[in-house]
>>> print(open('run12.txt').read())   # compact mmCIF, C-alpha atoms and all ligand atoms
# COMPACT_ATOMS: atom_id res chain seq x y z
CA MET S 1 33.80 6.61 -25.20
CA THR S 2 34.56 7.13 -21.51
CA LEU S 3 32.93 4.68 -19.14
CA THR S 4 31.89 6.30 -15.88
CA ALA S 5 32.63 4.07 -12.89
CA ARG S 6 29.52 3.09 -10.96
CA PRO S 7 29.43 4.20 -7.34
CA ARG S 8 30.38 1.58 -4.76
CA ALA S 9 27.76 0.53 -2.25
CA PHE S 10 27.60 -1.90 0.66
CA LEU S 11 24.29 -3.55 1.51
CA CYS S 12 24.23 -4.60 5.17
CA ARG S 13 21.08 -6.77 5.02
CA ARG S 14 19.24 -8.69 2.29
CA PHE S 15 16.55 -6.55 0.64
CA THR S 16 13.71 -7.86 -1.56
CA PRO S 17 14.79 -9.46 -4.89
CA ALA S 18 13.43 -6.52 -6.94
CA ILE S 19 15.35 -3.98 -4.89
CA GLU S 20 18.57 -6.00 -4.85
CA ALA S 21 18.35 -6.34 -8.66
CA ALA S 22 17.87 -2.57 -9.01
CA LEU S 23 20.82 -1.92 -6.70
CA HIS S 24 23.05 -4.30 -8.68
CA GLU S 25 22.18 -2.39 -11.87
CA ARG S 26 23.15 0.94 -10.35
CA PHE S 27 26.08 0.20 -8.06
CA GLU S 28 29.23 -1.79 -7.71
CA LEU S 29 27.38 -3.62 -4.95
CA GLN S 30 28.78 -5.74 -2.15
CA VAL S 31 26.19 -7.65 -0.16
CA ASN S 32 26.29 -9.12 3.32
CA ASP S 33 25.06 -12.39 1.81
CA ASP S 34 24.14 -14.25 4.97
CA ASP S 35 21.89 -11.38 6.21
CA SER S 36 23.54 -11.43 9.63
CA ILE S 37 23.40 -8.35 11.86
CA LEU S 38 26.85 -6.83 11.58
CA PRO S 39 28.50 -4.97 14.46
CA SER S 40 29.57 -1.39 13.64
CA ALA S 41 33.25 -2.26 13.48
CA GLU S 42 32.53 -4.98 10.93
CA ILE S 43 30.40 -2.58 8.84
CA ALA S 44 33.27 -0.10 8.85
CA ARG S 45 35.67 -2.83 7.73
CA ARG S 46 33.48 -4.31 4.99
CA ALA S 47 32.14 -1.01 3.64
CA ALA S 48 35.57 0.64 3.40
CA GLY S 49 35.87 2.53 0.10
CA CYS S 50 32.09 2.74 -0.47
CA ASP S 51 30.18 5.83 -1.53
CA VAL S 52 26.85 4.53 -0.26
CA LEU S 53 26.02 2.47 2.81
CA LEU S 54 22.61 0.76 2.89
CA VAL S 55 21.48 -0.18 6.39
CA THR S 56 18.35 -0.97 8.39
CA ALA S 57 17.33 -0.32 11.97
CA THR S 58 19.39 -3.35 13.07
CA GLU S 59 22.68 -1.62 12.24
CA THR S 60 24.24 0.96 14.53
CA VAL S 61 26.00 3.63 12.50
CA ASP S 62 28.00 5.45 15.14
CA ALA S 63 30.61 8.20 15.15
CA ALA S 64 33.46 5.69 14.84
CA THR S 65 31.85 4.16 11.73
CA PHE S 66 31.48 7.58 10.12
CA ALA S 67 35.10 8.42 10.98
CA GLN S 68 36.38 5.19 9.42
CA LEU S 69 34.27 5.50 6.27
CA ALA S 70 34.84 9.26 5.93
CA PRO S 71 37.32 9.15 3.03
CA THR S 72 34.67 7.95 0.56
CA LEU S 73 31.24 7.72 2.19
CA ARG S 74 28.71 10.21 0.84
CA THR S 75 25.32 8.70 1.68
CA VAL S 76 23.78 6.42 4.32
CA ALA S 77 20.38 5.06 3.26
CA THR S 78 18.34 3.31 5.93
CA LEU S 79 15.43 1.00 5.13
CA SER S 80 13.43 2.41 8.03
CA VAL S 81 11.55 5.51 8.97
CA GLY S 82 13.28 5.50 12.38
CA TYR S 83 16.86 6.73 12.49
CA ASP S 84 17.73 6.47 16.16
CA HIS S 85 20.39 3.88 15.16
CA ILE S 86 22.33 6.55 13.25
CA ASP S 87 24.47 9.19 14.94
CA MET S 88 23.05 12.16 13.04
CA ALA S 89 25.47 14.67 14.56
CA ALA S 90 28.39 12.53 13.38
CA ALA S 91 26.78 12.25 9.93
CA ARG S 92 26.55 16.04 9.70
CA ARG S 93 30.15 16.45 10.87
CA ALA S 94 31.30 13.98 8.23
CA GLY S 95 29.21 15.67 5.51
CA VAL S 96 27.30 12.42 4.89
CA ARG S 97 23.70 12.66 3.69
CA VAL S 98 21.19 10.35 5.40
CA LEU S 99 18.07 9.05 3.67
CA HIS S 100 15.17 7.20 5.32
CA THR S 101 11.75 5.83 4.31
CA PRO S 102 8.84 7.92 5.62
CA ASP S 103 5.24 7.73 4.35
CA VAL S 104 5.47 4.53 2.30
CA LEU S 105 5.23 2.39 5.43
CA SER S 106 2.53 4.30 7.32
CA ASP S 107 -0.36 2.09 6.20
CA ALA S 108 1.48 -1.16 6.92
CA CYS S 109 2.52 0.05 10.38
CA ALA S 110 -1.03 1.20 11.12
CA GLU S 111 -2.32 -2.25 10.18
CA ILE S 112 0.05 -3.90 12.64
CA ALA S 113 -0.93 -1.37 15.30
CA LEU S 114 -4.56 -2.39 14.91
CA MET S 115 -3.61 -6.08 14.88
CA LEU S 116 -1.85 -5.62 18.23
CA LEU S 117 -4.66 -3.50 19.63
CA LEU S 118 -7.32 -6.06 18.72
CA ASN S 119 -5.29 -8.98 20.01
CA ALA S 120 -4.48 -7.21 23.27
CA CYS S 121 -8.12 -6.20 23.85
CA ARG S 122 -9.65 -9.52 22.73
CA ARG S 123 -7.03 -11.87 24.19
CA GLY S 124 -5.70 -13.14 20.90
CA TYR S 125 -2.75 -15.08 22.30
CA GLU S 126 -4.86 -17.02 24.83
CA ALA S 127 -7.54 -17.71 22.22
CA ASP S 128 -5.09 -19.05 19.65
CA ARG S 129 -3.34 -21.19 22.24
CA MET S 130 -6.62 -22.65 23.51
CA VAL S 131 -7.56 -23.92 20.07
CA ARG S 132 -4.06 -24.95 19.02
CA THR S 133 -3.35 -27.01 22.14
CA GLY S 134 -6.71 -28.78 22.18
CA ALA S 135 -7.60 -27.13 25.51
CA TRP S 136 -10.88 -25.78 24.12
CA ASN S 137 -13.84 -27.76 25.48
CA GLY S 138 -16.45 -25.77 23.59
CA TRP S 139 -18.20 -22.40 23.64
CA ALA S 140 -19.02 -20.92 27.05
CA PRO S 141 -20.77 -17.66 27.98
CA THR S 142 -17.89 -16.39 30.13
CA GLN S 143 -14.98 -17.75 28.11
CA LEU S 144 -12.12 -15.37 27.25
CA LEU S 145 -14.08 -12.17 27.80
CA GLY S 146 -12.20 -9.16 26.52
CA MET S 147 -12.56 -5.41 26.26
CA GLY S 148 -14.85 -3.93 23.60
CA LEU S 149 -13.71 -0.87 21.65
CA VAL S 150 -16.80 1.20 20.90
CA GLY S 151 -16.75 4.48 22.85
CA ARG S 152 -13.30 3.80 24.41
CA ARG S 153 -10.61 6.46 24.33
CA LEU S 154 -7.52 5.70 22.25
CA GLY S 155 -4.57 7.87 23.32
CA ILE S 156 -1.97 8.16 20.56
CA PHE S 157 1.48 9.25 21.68
CA GLY S 158 3.02 10.57 18.47
CA MET S 159 0.38 11.74 15.99
CA GLY S 160 2.69 11.88 12.99
CA ARG S 161 2.06 10.14 9.70
CA ILE S 162 1.78 6.69 11.27
CA GLY S 163 -0.24 7.93 14.26
CA ARG S 164 -2.74 9.57 11.93
CA ALA S 165 -3.01 6.41 9.79
CA ILE S 166 -3.81 4.52 13.00
CA ALA S 167 -6.43 7.12 13.96
CA VAL S 168 -8.22 6.71 10.61
CA ARG S 169 -8.58 2.98 11.19
CA ALA S 170 -9.36 3.26 14.90
CA ARG S 171 -12.28 5.65 14.25
CA ALA S 172 -13.89 2.93 12.16
CA PHE S 173 -13.86 0.73 15.28
CA GLY S 174 -15.75 3.40 17.24
CA LEU S 175 -12.76 4.62 19.25
CA ASP S 176 -12.60 8.24 20.42
CA ILE S 177 -9.16 9.62 19.43
CA HIS S 178 -6.92 11.58 21.80
CA TYR S 179 -3.28 12.46 21.18
CA HIS S 180 -0.16 14.14 22.49
CA ASN S 181 2.51 15.74 20.31
CA ARG S 182 4.94 18.49 21.14
CA GLN S 183 2.71 20.74 19.04
CA ARG S 184 -0.98 20.66 18.30
CA LEU S 185 -1.86 19.64 14.75
CA ASP S 186 -3.78 21.69 12.27
CA PRO S 187 -7.54 20.85 12.58
CA ALA S 188 -7.48 19.35 9.07
CA LEU S 189 -4.96 16.76 10.32
CA GLU S 190 -6.56 16.36 13.75
CA GLN S 191 -9.84 15.16 12.21
CA GLY S 192 -11.67 15.83 15.47
CA ALA S 193 -9.07 14.20 17.75
CA THR S 194 -8.61 15.74 21.21
CA TYR S 195 -5.20 17.30 21.86
CA HIS S 196 -3.45 16.95 25.23
CA GLY S 197 -0.65 19.39 25.89
CA THR S 198 1.08 17.00 28.30
CA LEU S 199 1.82 13.30 28.19
CA GLU S 200 0.38 13.00 31.69
CA GLY S 201 -2.91 14.43 30.44
CA LEU S 202 -3.00 11.90 27.63
CA LEU S 203 -2.22 8.99 29.95
CA ALA S 204 -5.04 9.85 32.33
CA THR S 205 -7.57 9.69 29.47
CA SER S 206 -6.28 6.63 27.58
CA ASP S 207 -8.31 3.45 27.88
CA ILE S 208 -5.86 2.26 25.24
CA LEU S 209 -2.43 3.85 24.89
CA MET S 210 -0.85 3.64 21.45
CA ILE S 211 2.87 4.46 21.35
CA ALA S 212 3.67 5.63 17.82
CA ALA S 213 6.27 8.36 18.36
CA PRO S 214 9.62 8.03 16.59
CA GLY S 215 12.36 6.53 18.73
CA ALA S 216 14.81 9.07 20.13
CA PRO S 217 17.43 9.03 22.91
CA ALA S 218 15.38 11.64 24.85
CA LEU S 219 12.40 9.26 25.00
CA ARG S 220 14.26 6.25 26.43
CA GLY S 221 12.42 4.86 29.45
CA ILE S 222 9.70 7.53 29.27
CA PHE S 223 7.01 4.95 30.09
CA ASP S 224 8.27 4.17 33.57
CA ALA S 225 6.35 2.99 36.65
CA ASP S 226 5.17 6.53 37.51
CA ARG S 227 3.77 7.23 34.07
CA LEU S 228 2.20 3.77 33.68
CA ALA S 229 0.46 4.33 37.04
CA ARG S 230 -1.31 7.35 35.48
CA LEU S 231 -3.16 5.13 33.01
CA PRO S 232 -6.72 4.27 34.03
CA GLN S 233 -7.06 0.93 35.86
CA GLY S 234 -7.31 -1.87 33.28
CA ALA S 235 -5.93 0.13 30.35
CA VAL S 236 -4.34 -1.55 27.33
CA LEU S 237 -0.95 -0.54 25.94
CA VAL S 238 0.35 -0.99 22.39
CA ASN S 239 3.88 -0.19 21.21
CA ILE S 240 4.93 0.02 17.55
CA SER S 241 7.64 2.67 18.08
CA ARG S 242 10.85 1.51 19.73
CA GLY S 243 11.10 -0.87 22.66
CA ASP S 244 13.40 1.31 24.70
CA LEU S 245 10.64 3.87 25.32
CA ILE S 246 9.23 1.40 27.85
CA ASP S 247 10.69 0.41 31.21
CA ASP S 248 10.11 -3.33 30.77
CA ASP S 249 10.20 -4.20 34.48
CA ALA S 250 7.56 -1.54 35.15
CA LEU S 251 5.27 -2.74 32.35
CA ILE S 252 5.64 -6.38 33.36
CA ALA S 253 4.72 -5.47 36.97
CA ALA S 254 1.68 -3.51 35.70
CA LEU S 255 0.60 -6.44 33.49
CA LYS S 256 0.95 -8.83 36.44
CA SER S 257 -1.06 -6.61 38.79
CA GLY S 258 -3.75 -6.01 36.15
CA HIS S 259 -3.30 -2.25 36.28
CA VAL S 260 -2.47 -2.72 32.61
CA ARG S 261 -5.00 -5.30 31.42
CA GLY S 262 -3.12 -6.27 28.29
CA ALA S 263 -0.39 -5.18 25.91
CA GLY S 264 0.48 -5.61 22.26
CA LEU S 265 4.18 -5.20 21.52
CA ASP S 266 5.94 -5.25 18.15
CA VAL S 267 9.18 -3.65 19.32
CA PHE S 268 11.53 -4.37 22.21
CA ALA S 269 14.57 -3.02 23.95
CA ASN S 270 17.69 -4.99 22.95
CA GLU S 271 16.05 -6.79 20.04
CA PRO S 272 15.99 -9.72 19.50
CA ARG S 273 16.69 -10.45 23.18
CA VAL S 274 13.17 -9.82 24.46
CA HIS S 275 12.81 -9.41 28.24
CA VAL S 276 12.03 -12.94 29.48
CA GLY S 277 9.29 -11.56 31.72
CA TYR S 278 7.00 -11.05 28.72
CA ARG S 279 7.23 -14.64 27.53
CA THR S 280 5.30 -16.12 30.44
CA LEU S 281 2.49 -13.56 30.50
CA ASP S 282 -0.84 -14.52 28.94
CA ASN S 283 -2.01 -10.92 28.63
CA VAL S 284 0.61 -9.76 26.18
CA PHE S 285 0.53 -10.28 22.43
CA LEU S 286 4.01 -10.26 20.90
CA SER S 287 5.22 -9.84 17.32
CA PRO S 288 8.82 -9.59 16.06
CA HIS S 289 9.10 -6.00 14.74
CA ILE S 290 6.99 -6.58 11.63
CA GLY S 291 5.32 -3.16 11.37
CA SER S 292 6.41 -2.51 7.79
CA ALA S 293 6.77 -6.16 6.74
CA THR S 294 4.60 -6.44 3.63
CA HIS S 295 5.91 -7.24 0.16
CA GLU S 296 4.57 -3.97 -1.26
CA THR S 297 5.92 -1.84 1.55
CA ARG S 298 9.43 -3.29 1.58
CA ASP S 299 9.67 -2.74 -2.19
CA ALA S 300 8.34 0.80 -1.80
CA MET S 301 10.87 1.51 0.95
CA GLY S 302 13.70 0.25 -1.25
CA TRP S 303 12.58 2.34 -4.24
CA LEU S 304 12.32 5.43 -2.08
CA LEU S 305 15.97 4.99 -1.09
CA ILE S 306 17.10 4.37 -4.67
CA ASP S 307 15.15 7.40 -5.91
CA GLY S 308 16.67 9.48 -3.12
CA ILE S 309 20.23 8.41 -3.95
CA GLU S 310 19.66 9.20 -7.62
CA ALA S 311 18.12 12.59 -6.77
CA LEU S 312 21.17 13.44 -4.66
CA ALA S 313 23.43 12.46 -7.57
CA ARG S 314 21.54 14.97 -9.75
CA GLY S 315 22.10 17.67 -7.13
CA GLU S 316 18.48 17.65 -5.98
CA THR S 317 17.09 17.48 -2.44
CA PRO S 318 14.83 14.44 -2.07
CA GLY S 319 11.91 14.58 0.37
CA ASN S 320 13.34 11.69 2.40
CA LEU S 321 16.66 13.41 3.11
CA LEU S 322 17.32 13.77 6.86
CA SER S 323 20.54 15.72 6.80
C1 LIG P 1 11.17 1.58 10.92
O1 LIG P 1 10.94 1.80 9.72
O2 LIG P 1 11.72 2.40 11.67
C2 LIG P 1 10.75 0.25 11.42
O3 LIG P 1 10.78 0.18 12.79
C3 LIG P 1 11.62 -0.84 10.80
O4 LIG P 1 12.89 -0.70 11.26
>>> encode(input="run12.txt", output="structure tokens")
Amino acid sequence: MTLTARPRAFLCRRFTPAIEAALHERFELQVNDDDSILPSAEIARRAAGCDVLLVTATETVDAATFAQLAPTLRTVATLSVGYDHIDMAAARRAGVRVLHTPDVLSDACAEIALMLLLNACRRGYEADRMVRTGAWNGWAPTQLLGMGLVGRRLGIFGMGRIGRAIAVRARAFGLDIHYHNRQRLDPALEQGATYHGTLEGLLATSDILMIAAPGAPALRGIFDADRLARLPQGAVLVNISRGDLIDDDALIAALKSGHVRGAGLDVFANEPRVHVGYRTLDNVFLSPHIGSATHETRDAMGWLLIDGIEALARGETPGNLLS
């Protein structure tokens, strides 16, 4: 009997126990045991000779990494829907297939979007701090007044799978849904939402702006001082996409002036080094990039990657293949 060698894989971060066990069964697996964020050069060194590289959004897989791993690397699988950390042109040049995790995280990300929205509108950080620090002297008619949602306009920038999952939930809160995409959606997907052909049009009608578009180099800094100024006075901003879409200095200035009443942010430029300006603001609710962080979702993301790798091995084209 001939024993077929198992493919070699390098796992850059610690996945859930169920997914790591499944990976160990299928691969000659090396694991970055301490779960540290590895620089690209270190990934290239430690994954040398691997067929499969398993990464997350914290790893940068650049052209140099592809070049160094080229002799054996066949597949990069990222535990994320976003893939702005992967040089896709270099992947194509190297003939490496890239898998990601769409769909299975849409509900979890939509839940976090609503958590941020509610906390930004209803002053969740200040409320929690008041109770926790013992500063609360009792109920008062004008204490911590926030912004109600019913009849407000929610502008969703990026009405893809996650944006639409947010819209479903937001409608239940009485919000009127507006959106901007490069292309208008089919009415069956729009579900009555109002399309804006320009971002500027969306901004002008957003009492609450929800940033849900996928991260991309072309979108870096798109929410600058000029665009933030187009929001109605006292608007709320939520970001679950990528931090680098926002010009942090501009948003912090708008939060200080009150032009932006409040913000809910789950993602940041240069994570985990969050702009210090946010830390001292009461009107911003912060969470550490936990959009897809539920037990069920992280397992589902892992299985989607494993299923995709196995489909590729059978010569099939899995739905989560990027290139
Ligand atoms: C994603 O899936 O892109 C999330 O931001 C986690 O990285």
>>> residues_near_ligand(input="run12.txt", ligand="ligand LIG 1 (chain P)", cutoff="6 Å", atoms="only C-alpha atoms and all ligand atoms", output="list in words")
Ala57, Ser80, Val81 and Gly82 of chain S
>>> residues_around(input="run12.txt", residues="Ile246 in chain S", least_positions_apart="4", cutoff="7 Å", atoms="all atoms listed in the file", output="list of chain:residue names")
S:Gly221, S:Ile222, S:Phe223, S:Asp224
>>> write_last_selection(input="run12.txt", atoms="C-alpha atoms", output="PDB file, keeping the file's coordinate frame")
ATOM      1  CA  GLY S 221      12.420   4.860  29.450  1.00  0.00           C
ATOM      2  CA  ILE S 222       9.700   7.530  29.270  1.00  0.00           C
ATOM      3  CA  PHE S 223       7.010   4.950  30.090  1.00  0.00           C
ATOM      4  CA  ASP S 224       8.270   4.170  33.570  1.00  0.00           C
TER       5      ASP S 224
END
>>> residues_around(input="run12.txt", residues="His180 in chain S", least_positions_apart="4", cutoff="7 Å", atoms="all atoms listed in the file", output="list in words")
Ile156, Phe157, Gly158, Met159, Tyr195, His196, Gly197, Thr198, Leu199 and Leu202 of chain S
>>> residues_near_point(input="run12.txt", point="(10.6, -7.9, 29.3)", cutoff="7 Å", atoms="only C-alpha atoms", output="ChimeraX atom specification")
/S:248-249,252,274-278
>>> closest_atom_pairs(input="run12.txt", of="range 61-123 of chain S", to="range 226-244 of chain S", cutoff="12 Å", atoms="all atoms listed in the file", output="JSON lines")
{"residue": "S:Ser80", "atom": "CA", "partner": "S:Ser241", "partner_atom": "CA", "distance": 11.6}
{"residue": "S:Val81", "atom": "CA", "partner": "S:Ser241", "partner_atom": "CA", "distance": 10.3}
{"residue": "S:Gly82", "atom": "CA", "partner": "S:Ser241", "partner_atom": "CA", "distance": 8.5}
{"residue": "S:Tyr83", "atom": "CA", "partner": "S:Arg242", "partner_atom": "CA", "distance": 10.8}
{"residue": "S:Asp84", "atom": "CA", "partner": "S:Arg242", "partner_atom": "CA", "distance": 9.2}
{"residue": "S:His85", "atom": "CA", "partner": "S:Arg242", "partner_atom": "CA", "distance": 10.8}
{"residue": "S:Ser106", "atom": "CA", "partner": "S:Ile240", "partner_atom": "CA", "distance": 11.3}
{"residue": "S:Ala108", "atom": "CA", "partner": "S:Ile240", "partner_atom": "CA", "distance": 11.2}
{"residue": "S:Cys109", "atom": "CA", "partner": "S:Ile240", "partner_atom": "CA", "distance": 7.6}
{"residue": "S:Ala110", "atom": "CA", "partner": "S:Ile240", "partner_atom": "CA", "distance": 8.8}
{"residue": "S:Glu111", "atom": "CA", "partner": "S:Ile240", "partner_atom": "CA", "distance": 10.6}
{"residue": "S:Ile112", "atom": "CA", "partner": "S:Ile240", "partner_atom": "CA", "distance": 8.0}
{"residue": "S:Ala113", "atom": "CA", "partner": "S:Ile240", "partner_atom": "CA", "distance": 6.4}
{"residue": "S:Leu114", "atom": "CA", "partner": "S:Val238", "partner_atom": "CA", "distance": 9.1}
{"residue": "S:Met115", "atom": "CA", "partner": "S:Val238", "partner_atom": "CA", "distance": 9.9}
{"residue": "S:Leu116", "atom": "CA", "partner": "S:Val238", "partner_atom": "CA", "distance": 6.6}
{"residue": "S:Leu117", "atom": "CA", "partner": "S:Val238", "partner_atom": "CA", "distance": 6.2}
{"residue": "S:Leu118", "atom": "CA", "partner": "S:Val238", "partner_atom": "CA", "distance": 9.9}
{"residue": "S:Asn119", "atom": "CA", "partner": "S:Val238", "partner_atom": "CA", "distance": 10.1}
{"residue": "S:Ala120", "atom": "CA", "partner": "S:Val236", "partner_atom": "CA", "distance": 7.0}
{"residue": "S:Cys121", "atom": "CA", "partner": "S:Val236", "partner_atom": "CA", "distance": 6.9}
{"residue": "S:Arg122", "atom": "CA", "partner": "S:Val236", "partner_atom": "CA", "distance": 10.6}
{"residue": "S:Arg123", "atom": "CA", "partner": "S:Val236", "partner_atom": "CA", "distance": 11.1}
>>> atom_distance(input="run12.txt", atom1="CA of Val168 in chain S", atom2="CA of Trp303 in chain S")
25.9 Å
>>> closest_residue(input="run12.txt", among="S:Ala263, S:Asp62, S:Arg171, S:Pro187", to="Ala41 in chain S", atoms="only C-alpha atoms")
S:Asp62
>>> closest_residue(input="run12.txt", among="S:Leu99, S:Gly155, S:Ala63, S:Leu11", to="Ala311 in chain S", atoms="only C-alpha atoms")
S:Leu99
>>> build_atoms(input="run12.txt", residues="range 181-200 of chain S", atoms="N, CA, C and O atoms", output="PDB file, in the coordinates of the input")
ATOM      1  N   ASN S 181       1.322  15.416  21.111  1.00  0.00           N
ATOM      2  CA  ASN S 181       2.510  15.740  20.310  1.00  0.00           C
ATOM      3  C   ASN S 181       3.146  16.936  20.988  1.00  0.00           C
ATOM      4  O   ASN S 181       2.486  17.616  21.780  1.00  0.00           O
ATOM      5  N   ARG S 182       4.378  17.249  20.610  1.00  0.00           N
ATOM      6  CA  ARG S 182       4.940  18.490  21.140  1.00  0.00           C
ATOM      7  C   ARG S 182       4.070  19.679  20.743  1.00  0.00           C
ATOM      8  O   ARG S 182       3.867  20.595  21.503  1.00  0.00           O
ATOM      9  N   GLN S 183       3.549  19.634  19.508  1.00  0.00           N
ATOM     10  CA  GLN S 183       2.710  20.740  19.040  1.00  0.00           C
ATOM     11  C   GLN S 183       1.372  20.221  18.543  1.00  0.00           C
ATOM     12  O   GLN S 183       1.304  19.126  17.963  1.00  0.00           O
ATOM     13  N   ARG S 184       0.344  21.030  18.774  1.00  0.00           N
ATOM     14  CA  ARG S 184      -0.980  20.660  18.300  1.00  0.00           C
ATOM     15  C   ARG S 184      -1.011  20.659  16.770  1.00  0.00           C
ATOM     16  O   ARG S 184      -0.386  21.504  16.132  1.00  0.00           O
ATOM     17  N   LEU S 185      -1.741  19.713  16.206  1.00  0.00           N
ATOM     18  CA  LEU S 185      -1.860  19.640  14.750  1.00  0.00           C
ATOM     19  C   LEU S 185      -2.884  20.632  14.245  1.00  0.00           C
ATOM     20  O   LEU S 185      -3.782  21.050  14.982  1.00  0.00           O
ATOM     21  N   ASP S 186      -2.770  20.924  12.962  1.00  0.00           N
ATOM     22  CA  ASP S 186      -3.780  21.690  12.270  1.00  0.00           C
ATOM     23  C   ASP S 186      -5.104  20.894  12.337  1.00  0.00           C
ATOM     24  O   ASP S 186      -5.082  19.663  12.249  1.00  0.00           O
ATOM     25  N   PRO S 187      -6.259  21.571  12.489  1.00  0.00           N
ATOM     26  CA  PRO S 187      -7.540  20.850  12.580  1.00  0.00           C
ATOM     27  C   PRO S 187      -7.782  19.883  11.406  1.00  0.00           C
ATOM     28  O   PRO S 187      -8.405  18.833  11.586  1.00  0.00           O
ATOM     29  N   ALA S 188      -7.269  20.244  10.228  1.00  0.00           N
ATOM     30  CA  ALA S 188      -7.480  19.350   9.070  1.00  0.00           C
ATOM     31  C   ALA S 188      -6.787  18.007   9.294  1.00  0.00           C
ATOM     32  O   ALA S 188      -7.236  16.969   8.805  1.00  0.00           O
ATOM     33  N   LEU S 189      -5.668  18.013  10.032  1.00  0.00           N
ATOM     34  CA  LEU S 189      -4.960  16.760  10.320  1.00  0.00           C
ATOM     35  C   LEU S 189      -5.518  16.100  11.571  1.00  0.00           C
ATOM     36  O   LEU S 189      -5.485  14.876  11.715  1.00  0.00           O
ATOM     37  N   GLU S 190      -6.015  16.905  12.500  1.00  0.00           N
ATOM     38  CA  GLU S 190      -6.560  16.360  13.750  1.00  0.00           C
ATOM     39  C   GLU S 190      -7.798  15.498  13.509  1.00  0.00           C
ATOM     40  O   GLU S 190      -8.023  14.516  14.212  1.00  0.00           O
ATOM     41  N   GLN S 191      -8.607  15.900  12.540  1.00  0.00           N
ATOM     42  CA  GLN S 191      -9.840  15.160  12.210  1.00  0.00           C
ATOM     43  C   GLN S 191     -10.697  14.908  13.452  1.00  0.00           C
ATOM     44  O   GLN S 191     -11.188  13.807  13.680  1.00  0.00           O
ATOM     45  N   GLY S 192     -10.791  15.940  14.297  1.00  0.00           N
ATOM     46  CA  GLY S 192     -11.670  15.830  15.470  1.00  0.00           C
ATOM     47  C   GLY S 192     -11.019  15.194  16.691  1.00  0.00           C
ATOM     48  O   GLY S 192     -11.661  15.063  17.738  1.00  0.00           O
ATOM     49  N   ALA S 193      -9.752  14.797  16.589  1.00  0.00           N
ATOM     50  CA  ALA S 193      -9.070  14.200  17.750  1.00  0.00           C
ATOM     51  C   ALA S 193      -8.843  15.250  18.831  1.00  0.00           C
ATOM     52  O   ALA S 193      -8.688  16.434  18.536  1.00  0.00           O
ATOM     53  N   THR S 194      -8.804  14.823  20.089  1.00  0.00           N
ATOM     54  CA  THR S 194      -8.610  15.740  21.210  1.00  0.00           C
ATOM     55  C   THR S 194      -7.130  15.838  21.552  1.00  0.00           C
ATOM     56  O   THR S 194      -6.475  14.808  21.792  1.00  0.00           O
ATOM     57  N   TYR S 195      -6.621  17.083  21.567  1.00  0.00           N
ATOM     58  CA  TYR S 195      -5.200  17.300  21.860  1.00  0.00           C
ATOM     59  C   TYR S 195      -4.961  17.417  23.357  1.00  0.00           C
ATOM     60  O   TYR S 195      -5.729  18.069  24.061  1.00  0.00           O
ATOM     61  N   HIS S 196      -3.893  16.792  23.842  1.00  0.00           N
ATOM     62  CA  HIS S 196      -3.450  16.950  25.230  1.00  0.00           C
ATOM     63  C   HIS S 196      -2.066  17.568  25.207  1.00  0.00           C
ATOM     64  O   HIS S 196      -1.145  17.021  24.589  1.00  0.00           O
ATOM     65  N   GLY S 197      -1.919  18.676  25.896  1.00  0.00           N
ATOM     66  CA  GLY S 197      -0.650  19.390  25.890  1.00  0.00           C
ATOM     67  C   GLY S 197       0.442  18.698  26.686  1.00  0.00           C
ATOM     68  O   GLY S 197       1.624  19.013  26.526  1.00  0.00           O
ATOM     69  N   THR S 198       0.059  17.740  27.531  1.00  0.00           N
ATOM     70  CA  THR S 198       1.080  17.000  28.300  1.00  0.00           C
ATOM     71  C   THR S 198       0.849  15.498  28.117  1.00  0.00           C
ATOM     72  O   THR S 198      -0.291  15.045  27.912  1.00  0.00           O
ATOM     73  N   LEU S 199       1.931  14.754  28.245  1.00  0.00           N
ATOM     74  CA  LEU S 199       1.820  13.300  28.190  1.00  0.00           C
ATOM     75  C   LEU S 199       0.976  12.795  29.354  1.00  0.00           C
ATOM     76  O   LEU S 199       0.164  11.879  29.200  1.00  0.00           O
ATOM     77  N   GLU S 200       1.135  13.423  30.510  1.00  0.00           N
ATOM     78  CA  GLU S 200       0.380  13.000  31.690  1.00  0.00           C
ATOM     79  C   GLU S 200      -1.119  13.124  31.444  1.00  0.00           C
ATOM     80  O   GLU S 200      -1.908  12.260  31.824  1.00  0.00           O
TER      81      GLU S 200
END
